[in-house]
Every structure is written in structure tokens, then in C-alpha cells.
file final-v7.txt (compact mmCIF, C-alpha atoms)
# COMPACT_ATOMS: atom_id res chain seq x y z
CA MET A 1 -43.16 78.20 -27.06
CA SER A 2 -46.77 77.58 -28.08
CA LEU A 3 -45.59 74.75 -30.35
CA VAL A 4 -43.61 73.18 -27.50
CA LYS A 5 -46.66 73.42 -25.23
CA ASP A 6 -48.88 71.81 -27.88
CA ILE A 7 -46.44 68.90 -28.18
CA GLN A 8 -46.26 68.52 -24.40
CA ASP A 9 -50.06 68.49 -24.24
CA GLN A 10 -50.19 65.70 -26.82
CA PHE A 11 -47.82 63.59 -24.75
CA ARG A 12 -49.89 64.14 -21.62
CA MET A 13 -53.12 63.04 -23.27
CA GLN A 14 -54.53 59.56 -22.72
CA ASP A 15 -55.32 57.21 -25.60
CA ASN A 16 -53.16 59.22 -28.00
CA ALA A 17 -50.56 56.61 -28.99
CA LEU A 18 -50.81 57.13 -32.75
CA VAL A 19 -50.20 60.89 -32.59
CA LYS A 20 -47.31 60.39 -30.16
CA ILE A 21 -45.55 57.88 -32.41
CA ILE A 22 -45.94 60.20 -35.40
CA LEU A 23 -44.69 63.17 -33.36
CA ILE A 24 -41.54 61.33 -32.29
CA ASN A 25 -40.78 60.43 -35.91
CA VAL A 26 -41.32 64.03 -37.03
CA ILE A 27 -39.24 65.51 -34.19
CA VAL A 28 -36.32 63.16 -34.94
CA TYR A 29 -36.58 64.02 -38.64
CA VAL A 30 -36.56 67.78 -37.97
CA VAL A 31 -33.53 67.49 -35.68
CA ASP A 32 -31.73 65.35 -38.27
CA CYS A 33 -32.48 67.94 -40.95
CA LEU A 34 -31.00 70.71 -38.81
CA ILE A 35 -27.88 68.63 -38.19
CA TRP A 36 -27.65 67.92 -41.92
CA VAL A 37 -27.84 71.64 -42.77
CA VAL A 38 -25.12 72.49 -40.23
CA ALA A 39 -22.95 69.63 -41.52
CA GLU A 40 -23.34 70.83 -45.12
CA LEU A 41 -22.50 74.42 -44.21
CA SER A 42 -19.47 73.44 -42.17
CA LYS A 43 -18.39 70.74 -44.65
CA THR A 44 -18.10 68.13 -41.92
CA ASP A 45 -19.29 64.54 -41.61
CA TRP A 46 -21.36 65.18 -38.46
CA PHE A 47 -24.57 64.05 -40.08
CA ALA A 48 -23.06 60.77 -41.28
CA VAL A 49 -21.84 60.10 -37.75
CA VAL A 50 -25.29 60.83 -36.30
CA GLN A 51 -27.03 58.50 -38.74
CA SER A 52 -24.49 55.77 -38.02
CA TYR A 53 -25.77 55.85 -34.43
CA GLN A 54 -29.41 55.74 -35.55
CA GLY A 55 -29.41 53.14 -38.33
CA VAL A 56 -28.68 49.41 -38.19
CA PRO A 57 -25.51 48.26 -40.01
CA PRO A 58 -25.73 45.01 -42.01
CA GLN A 59 -22.82 43.40 -40.12
CA LEU A 60 -24.04 41.51 -37.06
CA GLN A 61 -20.85 42.13 -35.09
CA GLU A 62 -21.31 45.90 -35.46
CA VAL A 63 -24.87 45.68 -34.19
CA LEU A 64 -23.58 44.10 -30.98
CA TYR A 65 -21.76 47.38 -30.26
CA LYS A 66 -24.86 49.48 -31.07
CA PRO A 67 -27.85 47.47 -29.80
CA TRP A 68 -30.01 50.60 -29.37
CA THR A 69 -30.12 50.96 -33.16
CA LEU A 70 -32.52 48.00 -33.24
CA ILE A 71 -35.10 50.51 -31.98
CA THR A 72 -33.82 53.93 -33.06
CA TYR A 73 -33.80 52.99 -36.75
CA ALA A 74 -37.61 52.75 -36.64
CA PHE A 75 -37.89 56.42 -35.66
CA SER A 76 -35.36 57.80 -38.16
CA HIS A 77 -35.69 58.53 -41.87
CA ASP A 78 -33.65 59.48 -44.92
CA THR A 79 -32.58 63.09 -44.67
CA PRO A 80 -33.24 65.49 -46.31
CA ASN A 81 -35.66 63.39 -48.43
CA PRO A 82 -39.15 64.35 -47.16
CA PHE A 83 -41.05 61.68 -49.10
CA HIS A 84 -39.73 58.77 -47.02
CA ILE A 85 -41.17 60.06 -43.76
CA PHE A 86 -44.27 61.56 -45.40
CA PHE A 87 -45.51 58.31 -46.93
CA ASN A 88 -44.54 56.28 -43.88
CA MET A 89 -46.47 58.57 -41.52
CA LEU A 90 -49.42 58.75 -43.92
CA GLY A 91 -49.65 54.96 -44.02
CA LEU A 92 -49.25 54.76 -40.25
CA TYR A 93 -52.00 57.35 -39.77
CA TRP A 94 -54.46 55.46 -41.98
CA PHE A 95 -53.80 51.87 -40.96
CA GLY A 96 -52.50 52.52 -37.45
CA GLY A 97 -55.69 54.46 -36.82
CA LEU A 98 -57.70 51.30 -37.46
CA ILE A 99 -55.51 49.29 -35.09
CA ARG A 100 -55.90 51.93 -32.37
CA GLU A 101 -59.64 52.22 -32.90
CA TYR A 102 -60.44 48.52 -32.77
CA VAL A 103 -57.87 46.98 -30.41
CA GLY A 104 -56.50 49.98 -28.52
CA GLY A 105 -53.54 52.34 -28.51
CA ARG A 106 -51.39 50.13 -26.29
CA ARG A 107 -51.55 47.35 -28.84
CA LEU A 108 -50.66 49.78 -31.62
CA ILE A 109 -47.52 50.68 -29.66
CA SER A 110 -46.56 47.05 -29.14
CA LEU A 111 -47.27 46.22 -32.80
CA TYR A 112 -45.07 49.13 -33.90
CA PHE A 113 -42.11 47.85 -31.88
CA ILE A 114 -42.67 44.19 -32.73
CA GLY A 115 -42.82 45.08 -36.43
CA ALA A 116 -39.53 46.97 -36.09
CA LEU A 117 -37.80 44.11 -34.26
CA VAL A 118 -38.97 41.37 -36.62
CA GLY A 119 -38.10 43.53 -39.62
CA VAL A 120 -34.54 44.18 -38.46
CA ALA A 121 -34.13 40.51 -37.45
CA LEU A 122 -34.98 39.35 -40.98
CA TYR A 123 -32.67 42.02 -42.40
CA LEU A 124 -29.74 40.82 -40.28
CA ILE A 125 -30.40 37.15 -41.03
CA CYS A 126 -30.40 37.77 -44.77
CA TYR A 127 -27.27 39.95 -44.80
CA ASN A 128 -25.28 37.63 -42.56
CA TYR A 129 -26.35 34.14 -43.65
CA ILE A 130 -27.73 34.26 -47.22
CA PRO A 131 -24.96 34.41 -49.87
CA PHE A 132 -26.98 36.53 -52.32
CA TYR A 133 -27.21 39.35 -49.80
CA MET A 134 -23.83 38.79 -48.15
CA GLU A 135 -22.15 39.45 -51.51
CA ARG A 136 -24.10 42.69 -51.89
CA ALA A 137 -23.72 44.05 -48.37
CA GLN A 138 -22.73 47.70 -48.47
CA PRO A 139 -21.56 50.11 -45.77
CA ARG A 140 -25.09 51.47 -45.46
CA PHE A 141 -27.59 51.51 -42.63
CA LEU A 142 -31.13 50.25 -42.33
CA ILE A 143 -33.21 53.27 -41.44
CA GLY A 144 -36.89 54.17 -41.48
CA ALA A 145 -40.22 53.23 -39.92
CA SER A 146 -41.35 51.18 -42.93
CA ALA A 147 -41.16 47.79 -41.18
CA SER A 148 -43.37 49.10 -38.37
CA VAL A 149 -45.74 50.73 -40.87
CA LEU A 150 -46.05 47.47 -42.84
CA ALA A 151 -46.83 45.72 -39.56
CA ALA A 152 -49.71 48.16 -39.08
CA VAL A 153 -50.84 47.81 -42.72
CA VAL A 154 -50.94 44.02 -42.71
CA GLY A 155 -52.21 43.96 -39.12
CA ALA A 156 -55.17 46.17 -40.07
CA ALA A 157 -55.87 44.07 -43.16
CA THR A 158 -55.80 40.90 -41.04
CA LEU A 159 -58.08 42.50 -38.48
CA LEU A 160 -60.56 44.06 -40.92
CA PRO A 161 -60.01 42.52 -44.38
CA ASN A 162 -63.28 43.90 -45.79
CA TYR A 163 -62.76 47.46 -44.56
CA ARG A 164 -62.49 49.89 -47.48
CA PHE A 165 -60.46 53.02 -48.11
CA HIS A 166 -61.64 55.46 -50.77
CA LEU A 167 -58.66 56.06 -53.06
CA ILE A 168 -58.47 59.02 -55.42
CA PHE A 169 -59.27 58.10 -59.06
CA ILE A 170 -60.01 54.50 -57.99
CA GLY A 171 -62.80 54.60 -55.43
CA PRO A 172 -63.43 52.19 -52.53
CA VAL A 173 -60.81 49.44 -52.22
CA LYS A 174 -60.63 46.72 -49.57
CA ILE A 175 -57.57 47.26 -47.40
CA VAL A 176 -56.61 43.60 -47.77
CA TYR A 177 -55.83 44.36 -51.44
CA ILE A 178 -53.85 47.46 -50.50
CA ALA A 179 -51.82 45.39 -48.04
CA ALA A 180 -51.24 42.68 -50.66
CA PHE A 181 -49.96 45.35 -53.06
CA TYR A 182 -47.49 46.67 -50.46
CA VAL A 183 -46.23 43.14 -49.79
CA LEU A 184 -45.86 42.38 -53.51
CA ILE A 185 -43.86 45.58 -54.08
CA SER A 186 -41.59 44.64 -51.16
CA ILE A 187 -41.04 41.13 -52.52
CA ILE A 188 -40.04 42.55 -55.92
CA GLY A 189 -37.79 45.13 -54.25
CA SER A 190 -36.04 42.53 -52.09
CA VAL A 191 -33.62 41.77 -54.94
CA GLN A 192 -33.16 45.34 -56.14
CA GLY A 193 -31.32 48.45 -54.97
CA ASN A 194 -33.04 48.88 -51.63
CA ALA A 195 -33.06 45.16 -50.87
CA GLY A 196 -32.36 45.60 -47.17
CA GLY A 197 -35.26 47.99 -46.65
CA ASN A 198 -37.68 45.75 -48.51
CA ILE A 199 -36.57 42.71 -46.53
CA ALA A 200 -37.37 44.63 -43.35
CA HIS A 201 -40.78 45.51 -44.84
CA LEU A 202 -41.54 41.82 -45.29
CA GLY A 203 -40.49 41.10 -41.72
CA GLY A 204 -42.80 43.82 -40.48
CA ALA A 205 -45.65 42.52 -42.63
CA PHE A 206 -45.19 39.02 -41.20
CA ALA A 207 -45.16 40.46 -37.67
CA GLY A 208 -48.42 42.31 -38.30
CA PHE A 209 -50.14 39.17 -39.54
CA ILE A 210 -48.93 37.01 -36.63
CA PHE A 211 -49.69 39.69 -34.02
CA ILE A 212 -53.34 40.11 -35.04
CA THR A 213 -53.87 36.39 -35.69
CA CYS A 214 -52.67 35.60 -32.18
CA LEU A 215 -54.76 38.43 -30.76
CA LYS A 216 -57.88 36.99 -32.34
CA ARG A 217 -57.10 33.68 -30.65
CA GLY A 218 -56.71 35.29 -27.25
CA THR A 219 -52.92 35.79 -27.06
CA ASP A 220 -51.52 39.32 -26.79
CA LEU A 221 -47.88 39.18 -27.94
CA GLY A 222 -47.37 42.78 -26.94
CA ARG A 223 -47.86 42.37 -23.19
CA PRO A 224 -44.11 42.13 -22.39
CA ILE A 225 -43.44 45.31 -24.38
CA ASN A 226 -46.23 47.25 -22.73
CA ALA A 227 -45.20 45.97 -19.29
CA THR A 228 -41.63 47.17 -19.90
CA PHE A 229 -42.74 50.62 -20.99
CA ASP A 230 -45.19 50.89 -18.10
CA PHE A 231 -42.36 50.16 -15.68
CA PHE A 232 -40.08 52.86 -17.11
CA SER A 233 -42.96 55.31 -17.42
CA ARG A 234 -43.81 54.93 -13.74
CA LEU A 235 -40.14 55.12 -12.80
CA PHE A 236 -39.66 58.32 -14.80
CA SER A 237 -42.81 59.91 -13.37
CA LYS A 238 -41.77 59.07 -9.81
CA ARG A 239 -38.25 60.46 -10.15
CA LYS A 240 -39.07 63.58 -12.10
CA ASN A 241 -42.47 64.24 -10.51
CA VAL A 242 -44.10 64.73 -13.90
CA HIS A 243 -46.97 62.91 -15.46
CA MET A 244 -46.01 62.02 -19.01
CA THR A 245 -48.36 59.35 -20.33
CA PHE A 246 -46.73 58.25 -23.55
CA PHE A 247 -47.41 54.57 -23.02
CA ASN A 248 -50.32 54.75 -20.61
CA SER A 249 -53.07 54.80 -23.20
CA SER A 250 -56.48 53.69 -22.07
CA THR A 251 -56.69 49.97 -21.42
CA PRO A 252 -58.04 48.11 -24.47
CA LEU A 253 -60.70 45.45 -24.36
CA ASP A 254 -59.29 42.23 -22.92
CA VAL A 255 -58.68 39.58 -25.59
CA ASN A 256 -60.58 37.01 -23.53
CA TYR A 257 -63.58 39.27 -22.90
CA THR A 258 -66.80 38.46 -24.78
CA PRO A 259 -69.62 41.03 -24.74
CA ASN A 260 -73.05 39.66 -23.83
CA GLN A 261 -76.07 39.81 -26.10
CA GLN A 262 -77.59 42.74 -24.24
CA GLU A 263 -74.48 44.84 -24.87
CA ILE A 264 -74.49 43.93 -28.55
CA ASP A 265 -78.20 44.74 -28.90
CA THR A 266 -77.62 48.13 -27.31
CA ILE A 267 -74.77 48.85 -29.73
CA LEU A 268 -76.83 47.75 -32.73
CA ASP A 269 -79.71 49.98 -31.62
CA LYS A 270 -77.31 52.91 -31.39
CA ILE A 271 -76.08 52.20 -34.93
CA SER A 272 -79.65 52.12 -36.25
CA ARG A 273 -80.40 55.47 -34.55
CA SER A 274 -77.20 57.43 -35.11
CA GLY A 275 -74.99 55.44 -37.49
CA TYR A 276 -71.75 53.53 -37.03
CA GLU A 277 -69.64 56.66 -36.62
CA SER A 278 -71.51 57.52 -33.41
CA LEU A 279 -69.98 54.53 -31.61
CA THR A 280 -67.22 55.03 -29.06
CA LYS A 281 -63.91 53.17 -29.39
CA GLU A 282 -64.96 50.76 -26.66
CA GLU A 283 -68.26 50.01 -28.44
CA LYS A 284 -66.43 49.38 -31.71
CA GLN A 285 -64.05 47.02 -29.91
CA LYS A 286 -66.99 45.14 -28.37
CA LEU A 287 -68.66 44.85 -31.76
CA PHE A 288 -65.44 43.50 -33.23
CA LYS A 289 -65.11 40.95 -30.41
CA ALA A 290 -68.67 39.79 -31.00
CA SER A 291 -67.92 39.27 -34.69
CA GLN A 292 -65.14 36.81 -33.76
CA LYS A 293 -67.54 34.38 -32.06

call {"tool": "encode", "arguments": {"input": "final-v7.txt", "output": "C-alpha cells"}}
result
Amino acid sequence: MSLVKDIQDQFRMQDNALVKIILINVIVYVVDCLIWVVAELSKTDWFAVVQSYQGVPPQLQEVLYKPWTLITYAFSHDTPNPFHIFFNMLGLYWFGGLIREYVGGRRLISLYFIGALVGVALYLICYNYIPFYMERAQPRFLIGASASVLAAVVGAATLLPNYRFHLIFIGPVKIVYIAAFYVLISIIGSVQGNAGGNIAHLGGAFAGFIFITCLKRGTDLGRPINATFDFFSRLFSKRKNVHMTFFNSSTPLDVNYTPNQQEIDTILDKISRSGYESLTKEEKQKLFKASQK
């Protein structure tokens, strides 16, 4: 019960979008694993049926009968393979953390969903209209958060190309090079065994680049997504009389807002006294906005 309470507390917290997305992925994976174990013990095809309702089939006409899979696939992973979800959530934690820190949790949420939608759109286009992929279409399902994770990876690299991660055995590496490596691997994999997954990766990467590029120019492509979730969140809270704040993260800095020189000077003085890590999320966002002038 303590674990359940801890999870509930995480979902009630404000400005906690990254943890909530990771938690949903982990919860779905654990449930899928339990179903898989029961299916194996009972020698039934229950698990295959469940995954057919989570993943996106390559045939467009089948998707029309399961439109929810356009979203659910981005929260499901290969079972019982733990590496798929582990590396996806690790990448999301690193790069999604930068997105949340500099442009806000609400925009991380919208980027996650936009990456998933663009990734699955490219997947369906290729497997329904490009002969190379149409000939190789198999009765498999697109599943996994990789398109959304690649959106966060490329989005973070577009936002902060000179930011460095310290990699084991390598040292500090600019994240723009890490993102380029991910994209290159996906391009190579787009004609191999997991072609569908890698095509979705490329769609997510493209979405991340466009999302952040538009954001820098003052256009937030995620507003319709956040508005939709806000509506359902308020509706749910009103009917159930509970206060779950999954999508109500703290409001990020407006894309059209420009901090004045006095604000910037105050932030720079704080950096000189206490270092960059002492800045709040809002101060980091203001500093980023000032760098775009």
C-alpha cells in the first residue's frame, strides 16, 4: 500500500510531468509482464491479444478500427524484454529532463505526444504507400516509446546543442552529437529487421526538431494537446471530486515573453555568487529566452 500511496503522491505533485510519464510506462510494462506470465502458465494467447490492442498494426484499415493504438503504443514495450523500456526511459529521463527544465513540463508532455503521433504517421505512410515496405509488411505491431523519446532527444539537442553529457569511458560530449548518432542508427535500421520501429524513430526525431524550432520562433505547437488534456483533467476532477494533476504542471514561460535587462543581471549575479545549479527552473527559462534575442 505504501507503493501505491507513493505513486498517487507523484501524480498529485505539480511540475512532475517527466516522472509521471515514466511511471505510466513502467506501470503498463509491469501489468503486461504479469499478463504474459499468466498466459505462459495457462498456455493461452491472452498476451498476444492484449498487445494487439496496444500496438499499431501496419495496415491502415486495421488502424481505423483501433484508433486508440495511435497513443497506447507509445506507453507499451516489448515484453518480457526489459532492455527496450530501460533504455527508452533512461533516454527520456536524460533528455526529457532538459526539455522540462528549460521550457516546462507541459511542453514535455505535448512533445511526447506529438513525437508519438508523427512517428506512427510516418510508419503508416511507409507501410501503406512505399513498395519497399509494403512488400515486407508483417503481422506485427508498432510498439514502444522510442518515437517520443527521439522527439525529446532531438528536441533537447535543438534547444541546447552545446549542452554536454559526461559519458562513461568517453567524457563530455555535446548532446547534438548524441542526437545525430541516434538519428544515424535509425536511418541505417530503417531498411533492416526492425524497419517499422526505426521509421517511427525518424518521425519522432523530425517532430522534436520542428517543435523546438517553432517554439524558438514564438509558436507553441503543443497548445491544442495541452488544452485537450486540461479539459479532461478538469472534467475528471469535477466528477470524481479528486485532484489529480497529471497534466497541470506549472505554467512554463510564455514563448513571447522577453525578460528585461534587470532580470537578466539579477540572474547573472546569482550565478556568480552561487553557480548555475542554484538557479530555479523559471530563472533558467528566462536565461534561455534572453539567449534567443

call {"tool": "closest_residue", "arguments": {"input": "final-v7.txt", "among": "A:Leu160, A:Leu142, A:Val103, A:Ala152", "to": "Lys284 (chain A)", "atoms": "all atoms listed in the file"}}
result
A:Val103

call {"tool": "atom_distance", "arguments": {"input": "final-v7.txt", "atom1": "CA of Ala157 (chain A)", "atom2": "CA of Asp230 (chain A)"}}
result
28.1 Å

call {"tool": "atom_distance", "arguments": {"input": "final-v7.txt", "atom1": "CA of Gly196 (chain A)", "atom2": "CA of Tyr123 (chain A)"}}
result
6.0 Å

call {"tool": "residues_near_point", "arguments": {"input": "final-v7.txt", "point": "(-47.3, 45.3, -31.6)", "cutoff": "10 Å", "atoms": "all atoms listed in the file", "output": "PDB file with C-alpha atoms, in the frame of the given file"}}
result
ATOM      1  CA  ILE A  99     -55.510  49.290 -35.090  1.00  0.00           C
ATOM      2  CA  GLY A 105     -53.540  52.340 -28.510  1.00  0.00           C
ATOM      3  CA  ARG A 106     -51.390  50.130 -26.290  1.00  0.00           C
ATOM      4  CA  ARG A 107     -51.550  47.350 -28.840  1.00  0.00           C
ATOM      5  CA  LEU A 108     -50.660  49.780 -31.620  1.00  0.00           C
ATOM      6  CA  ILE A 109     -47.520  50.680 -29.660  1.00  0.00           C
ATOM      7  CA  SER A 110     -46.560  47.050 -29.140  1.00  0.00           C
ATOM      8  CA  LEU A 111     -47.270  46.220 -32.800  1.00  0.00           C
ATOM      9  CA  TYR A 112     -45.070  49.130 -33.900  1.00  0.00           C
ATOM     10  CA  PHE A 113     -42.110  47.850 -31.880  1.00  0.00           C
ATOM     11  CA  ILE A 114     -42.670  44.190 -32.730  1.00  0.00           C
ATOM     12  CA  GLY A 115     -42.820  45.080 -36.430  1.00  0.00           C
ATOM     13  CA  ALA A 116     -39.530  46.970 -36.090  1.00  0.00           C
ATOM     14  CA  LEU A 117     -37.800  44.110 -34.260  1.00  0.00           C
ATOM     15  CA  SER A 148     -43.370  49.100 -38.370  1.00  0.00           C
ATOM     16  CA  ALA A 151     -46.830  45.720 -39.560  1.00  0.00           C
ATOM     17  CA  ALA A 152     -49.710  48.160 -39.080  1.00  0.00           C
ATOM     18  CA  GLY A 155     -52.210  43.960 -39.120  1.00  0.00           C
ATOM     19  CA  ALA A 207     -45.160  40.460 -37.670  1.00  0.00           C
ATOM     20  CA  GLY A 208     -48.420  42.310 -38.300  1.00  0.00           C
ATOM     21  CA  ILE A 210     -48.930  37.010 -36.630  1.00  0.00           C
ATOM     22  CA  PHE A 211     -49.690  39.690 -34.020  1.00  0.00           C
ATOM     23  CA  ILE A 212     -53.340  40.110 -35.040  1.00  0.00           C
ATOM     24  CA  ASP A 220     -51.520  39.320 -26.790  1.00  0.00           C
ATOM     25  CA  LEU A 221     -47.880  39.180 -27.940  1.00  0.00           C
ATOM     26  CA  GLY A 222     -47.370  42.780 -26.940  1.00  0.00           C
ATOM     27  CA  ARG A 223     -47.860  42.370 -23.190  1.00  0.00           C
ATOM     28  CA  ILE A 225     -43.440  45.310 -24.380  1.00  0.00           C
ATOM     29  CA  ASN A 226     -46.230  47.250 -22.730  1.00  0.00           C
TER      30      ASN A 226
END

call {"tool": "closest_residue", "arguments": {"input": "final-v7.txt", "among": "A:Ala74, A:Met89, A:Ala179, A:Leu64", "to": "Val26 (chain A)", "atoms": "all atoms listed in the file"}}
result
A:Met89

call {"tool": "atom_distance", "arguments": {"input": "final-v7.txt", "atom1": "CA of Leu90 (chain A)", "atom2": "CA of Val49 (chain A)"}}
result
28.3 Å

call {"tool": "axis_aligned_box", "arguments": {"input": "final-v7.txt", "around": "region 32-41 of chain A", "padding_each_side": "5 Å", "output": "lines of an AutoDock Vina configuration file"}}
result
center_x = -27.5
center_y = 69.9
center_z = -41.7
size_x = 20.0
size_y = 19.1
size_z = 16.9

call {"tool": "residues_around", "arguments": {"input": "final-v7.txt", "residues": "Tyr127 (chain A)", "least_positions_apart": "5", "cutoff": "7 Å", "atoms": "only C-alpha atoms", "output": "list in words"}}
result
Pro58, Tyr133, Met134 and Ala137 of chain A

call {"tool": "residues_near_point", "arguments": {"input": "final-v7.txt", "point": "(-29.4, 61.9, -46.4)", "cutoff": "12 Å", "atoms": "all atoms listed in the file", "output": "ChimeraX atom specification"}}
result
/A:29,32-37,39-40,45-52,55,76-84,140-141,143-144

call {"tool": "residues_around", "arguments": {"input": "final-v7.txt", "residues": "Phe209 (chain A)", "least_positions_apart": "3", "cutoff": "7 Å", "atoms": "all atoms listed in the file", "output": "PyMOL selection string"}}
result
chain A and resi 154-155+158+205-206+212-213

call {"tool": "build_atoms", "arguments": {"input": "final-v7.txt", "residues": "region 74-84 of chain A", "atoms": "all heavy atoms", "output": "compact mmCIF listing (two decimals), in the frame of the given file"}}
result
# COMPACT_ATOMS: atom_id res chain seq x y z
N ALA A 74 -36.18 52.69 -36.32
CA ALA A 74 -37.61 52.75 -36.64
C ALA A 74 -38.21 54.12 -36.38
O ALA A 74 -39.41 54.32 -36.64
CB ALA A 74 -38.36 51.69 -35.84
N PHE A 75 -37.42 55.06 -35.88
CA PHE A 75 -37.89 56.42 -35.66
C PHE A 75 -37.05 57.42 -36.44
O PHE A 75 -37.15 58.63 -36.20
CB PHE A 75 -37.84 56.76 -34.16
CG PHE A 75 -38.81 55.97 -33.33
CD1 PHE A 75 -38.43 54.78 -32.73
CD2 PHE A 75 -40.12 56.41 -33.17
CE1 PHE A 75 -39.33 54.04 -31.97
CE2 PHE A 75 -41.02 55.68 -32.41
CZ PHE A 75 -40.63 54.50 -31.81
N SER A 76 -36.22 56.94 -37.36
CA SER A 76 -35.36 57.80 -38.16
C SER A 76 -35.68 57.59 -39.64
O SER A 76 -36.16 56.54 -40.04
CB SER A 76 -33.88 57.47 -37.89
OG SER A 76 -33.61 57.48 -36.51
N HIS A 77 -35.39 58.61 -40.44
CA HIS A 77 -35.69 58.53 -41.87
C HIS A 77 -34.58 59.17 -42.70
O HIS A 77 -33.74 59.90 -42.17
CB HIS A 77 -37.02 59.20 -42.18
CG HIS A 77 -38.21 58.44 -41.69
ND1 HIS A 77 -38.66 58.53 -40.39
CD2 HIS A 77 -39.03 57.55 -42.32
CE1 HIS A 77 -39.72 57.74 -40.24
NE2 HIS A 77 -39.95 57.14 -41.38
N ASP A 78 -34.61 58.87 -44.00
CA ASP A 78 -33.65 59.48 -44.92
C ASP A 78 -33.76 61.00 -44.84
O ASP A 78 -34.86 61.56 -44.87
CB ASP A 78 -33.93 59.03 -46.36
CG ASP A 78 -33.57 57.57 -46.60
OD1 ASP A 78 -32.76 57.05 -45.82
OD2 ASP A 78 -34.12 56.97 -47.53
N THR A 79 -32.63 61.64 -44.74
CA THR A 79 -32.58 63.09 -44.67
C THR A 79 -31.67 63.60 -45.78
O THR A 79 -30.58 63.04 -45.98
CB THR A 79 -32.03 63.55 -43.30
OG1 THR A 79 -32.83 62.96 -42.28
CG2 THR A 79 -32.07 65.05 -43.15
N PRO A 80 -32.07 64.64 -46.52
CA PRO A 80 -33.24 65.49 -46.31
C PRO A 80 -34.48 65.06 -47.10
O PRO A 80 -35.42 65.86 -47.24
CB PRO A 80 -32.75 66.84 -46.81
CG PRO A 80 -31.85 66.49 -47.95
CD PRO A 80 -31.17 65.21 -47.55
N ASN A 81 -34.53 63.86 -47.63
CA ASN A 81 -35.66 63.39 -48.43
C ASN A 81 -36.96 63.40 -47.61
O ASN A 81 -37.11 62.61 -46.68
CB ASN A 81 -35.36 61.97 -48.93
CG ASN A 81 -36.54 61.36 -49.67
OD1 ASN A 81 -37.44 62.07 -50.12
ND2 ASN A 81 -36.53 60.05 -49.80
N PRO A 82 -37.93 64.26 -47.96
CA PRO A 82 -39.15 64.35 -47.16
C PRO A 82 -40.17 63.27 -47.50
O PRO A 82 -41.09 63.02 -46.72
CB PRO A 82 -39.70 65.73 -47.52
CG PRO A 82 -39.25 65.95 -48.92
CD PRO A 82 -37.90 65.28 -49.03
N PHE A 83 -40.03 62.63 -48.66
CA PHE A 83 -41.05 61.68 -49.10
C PHE A 83 -41.02 60.39 -48.27
O PHE A 83 -42.06 59.76 -48.05
CB PHE A 83 -40.87 61.36 -50.58
CG PHE A 83 -41.08 62.55 -51.46
CD1 PHE A 83 -40.01 63.22 -52.04
CD2 PHE A 83 -42.36 63.04 -51.69
CE1 PHE A 83 -40.21 64.33 -52.84
CE2 PHE A 83 -42.58 64.15 -52.49
CZ PHE A 83 -41.50 64.80 -53.06
N HIS A 84 -39.84 59.99 -47.81
CA HIS A 84 -39.73 58.77 -47.02
C HIS A 84 -40.59 58.86 -45.76
O HIS A 84 -41.43 58.00 -45.50
CB HIS A 84 -38.26 58.54 -46.66
CG HIS A 84 -37.99 57.20 -46.06
ND1 HIS A 84 -36.87 56.94 -45.28
CD2 HIS A 84 -38.69 56.04 -46.09
CE1 HIS A 84 -36.90 55.69 -44.88
NE2 HIS A 84 -37.99 55.12 -45.35
